[in-house]
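Take a look at the structure set out below.
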Amino acid sequence: MGKDLLLEIGLEEIPAKYVRSSSNQLKERVSQFLRDNRISFEDVFAYSTPRRLAVHVKQVSDTQEEQIEIFKGPSKKIALDEQGNWTKAIEGFVRGKGLSLEDVYWETIKGEEYAHVKKHNVGQTTKSILPQLKQVILEMTFPVSMTWSNHSLQYIRPIHWIVALYAKDVIPFDILNVTTGRLSKGHRFLGQDVLINAPEDYVSALEQEHVLVDQDVRKKLIVSQIQALAKENQWIVDIDEELLEEVVSIVEYPTAFFGQFDEKYLVVPDEVLVTTMKEHQRYFYVKDSTHKLLPYFISVRNGNSQFIDNVIKGNEKVLVARLEDALFFTKEDEKLTIEELVAKLNHVNFHVNIGSIADKMANVGKIVNILGEVLNEDVSQAYQASEIYKFDLVTNMVGEFPELQGIIGEKYALKKGINADIARAIKEHYMPLSSTSELPNSLTGSILALADKIDTLISFFKINVIPSGSNDPYALRRTAIGIVRLLEANQWAFDIDELFSLLLNDVYQVPYDEQQEILTHLHTFMDARVRQLLQSENIRHDLIQAVLEIDVFSIPFIMENARELQLHAKDNTFKETIEALSRVINLYDKSLDMAFEIKDFDEKLAQTNSELALNQALDTIECVEYQTFATLAPLINAFFAENMVFVDDELIRNNRLCLISDCAELILYYMDPTKIVR
């Protein structure tokens, strides 16, 4: 018959963003501890609040499961001497296992007999093993940790109490003079210390002391309270999941309430109001039925509704102080023209060894024009955007709310009468912010974003600031990921290596003898980012290598080819196709050392139908994709089955080598099949 287990670690307030992950970690570690010790159980429930991490394990068995271990010993010819007596080797073997020679039996392995013994490990009582839970607690790891008092232990926060119960019995151990017991703590202000008589009493006992230990229960309660307030006042409240999770992790007994602020603050950009409420105060903002922001907010108190009016007044006072600052910044920024703000950028360094923000904008403008030529696109609006797109960095508002750069730029640009597409590009040039985040919606924004990121990458590589290991202080990997995603999303299939070379000449005036090293570093860096994105899609490493071997570094083409190969890798004919293509490439590589003139295949010199069939198939290819090669493979196999390439007749040999060259060039345009594991 199993008994329930409870382990609660009482702590000082844990940072909100680590509460749930720490709770899940404790659950997994306790579960693994029980499995490792062969202690069966039914289920594990994780609980957490800002001041505690806990697990409740159901139906933990009284004893370990019995274990039978089988040990292989020496061979029979070593275990027995010529007279058939036991040797010291076998005697030492069984003695080391705590057994006797009577326990030895023989098993044949690869035609030879070996001594074996079985050891029956009788299960210990669970009660005797559970004090080792101390190590489970001590071995937990956290993104941040601290020491306290004169202790050397590093932990997420100081440990103040530990509840450890197996049924109604306390599991004895201590950590830094904190001894396990059954005494837990209720809400800091509304509750009292509480004795936990048994694990199954834990949730209800703490609820009586105004602590809801289940995070999901608190979450549902908060959502229902917010929805009730919204319904009562005919509001729309977009419950941000990230904010909700944070609020859940900073309260033990939630009570939602609403407050208000003066309508005069609604002249402040919505993004500033939302950021102030959400990021700075952890408030939920409120909108009307037309999705217009209203002068109200919803917050969640860690406590009950007693004295809630005082709580509301206090929160309103704090918010108004922040909104006063935002209103002041809005009015001050309105006094400045975009031209005045752009002029200030001459005195703001982008990097001390690269130049000012104004210098960067000038480079980006040149890159925009070159991209227009490469892509054959009208980039006039993107160029106009490049002349002003960083102006908001020197506004008062972005100085106070740096997370709103770009967003404020768009808002202010629209107010100053700037074209909407240009204004939108000011916001979009930061996109994408990660390998999965939103991309620009406009062509102007995409061009500007690409130019800005390319300039950042080249500028740092030009001064030899290249990420190594985990060191990437300027987020250049993220910048390169952004370039890859922009190229792929817009299907801009030009050779990125050629563009880099062009820019080093025309924009950065890098001396020719210094260019190759920079270009090599840039290629290697971009290659790694393409690999990273493809690997995140679980595409096989050898397929990625195959497509990256092509001569033209066209990122959309490379990524499409990798996905296509992955899609067909399980086809019945895939192995046969790759083998045929590889045979062509191997012969082509061999021919490169030979002196012969590469020219069009001469059908008049063909001696077999397979030569003609392969050449005609190559001449009619319009689209290069995997299916192209799956169709070619039988023709290639027929060619090799019917023809010798290295024949004595020089004209026939060279003609067939030209056919092989044509075929190889087509294959290598798409991939190098020799890199694929078959």
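Here, A, B, ... name the chains of the structure tokens in the order displayed, residue numbers run from 1 inside each chain, and ligands are numbered from 1 in the same displayed order.
For Thr436 in chain A, the set of protein, DNA and RNA residues having any atom at most 12 Å away, when counting only C-alpha atoms and skipping those fewer than 2 positions along the same chain, is Met431, Pro432, Leu433, Ser434, Glu438, Leu439, Arg478, Ile481, Gly482, Val484, Arg485, Leu486, Leu533, Ser536 and Glu537 of chain A.
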Taking C-alpha atoms for each residue, export the selection above as a PDB file, in the first residue's frame.
ATOM      1  CA  MET A 431      12.484  43.254 -37.905  1.00  0.00           C
ATOM      2  CA  PRO A 432      12.940  40.373 -37.503  1.00  0.00           C
ATOM      3  CA  LEU A 433      14.160  40.405 -33.922  1.00  0.00           C
ATOM      4  CA  SER A 434      14.726  36.634 -33.777  1.00  0.00           C
ATOM      5  CA  GLU A 438       7.563  38.962 -37.199  1.00  0.00           C
ATOM      6  CA  LEU A 439       8.981  40.095 -40.545  1.00  0.00           C
ATOM      7  CA  ARG A 478      20.840  37.686 -34.575  1.00  0.00           C
ATOM      8  CA  ILE A 481      19.697  35.413 -38.902  1.00  0.00           C
ATOM      9  CA  GLY A 482      17.634  38.469 -39.808  1.00  0.00           C
ATOM     10  CA  VAL A 484      18.770  35.098 -43.928  1.00  0.00           C
ATOM     11  CA  ARG A 485      15.085  35.376 -43.040  1.00  0.00           C
ATOM     12  CA  LEU A 486      14.599  38.583 -45.061  1.00  0.00           C
ATOM     13  CA  LEU A 533      17.954  27.645 -39.252  1.00  0.00           C
ATOM     14  CA  SER A 536      16.068  23.920 -36.274  1.00  0.00           C
ATOM     15  CA  GLU A 537      13.742  22.332 -38.844  1.00  0.00           C
TER      16      GLU A 537
END
Excluding Val268 in chain A and any residue of its chain fewer than 6 positions from it, enumerate the residues within 9 Å of it, using only C-alpha atoms, and give them as a compact mmCIF listing (two decimals) with C-alpha atoms, in the first residue's frame.
# COMPACT_ATOMS: atom_id res chain seq x y z
CA LEU A 323 2.30 59.19 -17.16
CA ALA A 326 5.45 60.47 -20.64
CA LEU A 327 3.22 63.51 -21.25
CA PHE A 329 8.35 63.90 -23.11
CA THR A 330 5.58 63.93 -25.71
CA LYS A 331 5.22 67.72 -25.52
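Nearest residue to Ile175 in chain A, choosing from A:Asn654, A:Gln227, A:Ser152, A:Ser289 and counting only C-alpha atoms: A:Ser152.
Between CA of Lys110 in chain A and CA of Thr87 in chain A the separation is 22.6 Å.
Going from CA of Val57 in chain A to CA of Lys27 in chain A covers 9.1 Å.
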Can you list, as a PyMOL selection string, every residue of range 245-486 of chain A that DSSP puts in strand (DSSP E)? chain A and resi 254-260+284-287+293-302+349-351+355-356
Selected residues written out, C-alpha atoms, as a short mmCIF file (atom, residue, chain, number, x, y, z; two decimals), in the first residue's frame:
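Listed below is the output, again-v2.cif:
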data_model
loop_
_atom_site.label_atom_id
_atom_site.label_comp_id
_atom_site.auth_asym_id
_atom_site.auth_seq_id
_atom_site.Cartn_x
_atom_site.Cartn_y
_atom_site.Cartn_z
CA PRO A 254 -4.94 37.20 -6.12
CA THR A 255 -7.63 39.86 -6.13
CA ALA A 256 -8.13 41.86 -9.33
CA PHE A 257 -9.22 45.50 -9.23
CA PHE A 258 -9.36 48.45 -11.61
CA GLY A 259 -8.14 52.00 -11.37
CA GLN A 260 -8.26 55.03 -13.63
CA PHE A 284 -3.61 45.12 -17.94
CA TYR A 285 -4.76 47.93 -20.22
CA VAL A 286 -8.40 48.47 -21.15
CA LYS A 287 -10.10 49.30 -24.49
CA LEU A 293 -7.56 52.78 -25.32
CA LEU A 294 -9.50 53.91 -22.24
CA PRO A 295 -8.18 55.74 -19.16
CA TYR A 296 -8.49 52.65 -16.97
CA PHE A 297 -6.27 49.77 -15.95
CA ILE A 298 -6.68 46.43 -14.20
CA SER A 299 -4.17 45.18 -11.67
CA VAL A 300 -3.95 42.21 -9.31
CA ARG A 301 -3.34 42.53 -5.61
CA ASN A 302 -1.55 39.91 -3.53
CA ASN A 349 28.44 57.04 -31.85
CA PHE A 350 27.28 53.81 -33.42
CA HIS A 351 30.65 52.37 -32.40
CA GLY A 355 31.53 56.01 -36.73
CA SER A 356 28.38 57.86 -35.80
#
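Pairwise distance (CA of Gly409 in chain A, CA of Ile454 in chain A) equals 21.0 Å.
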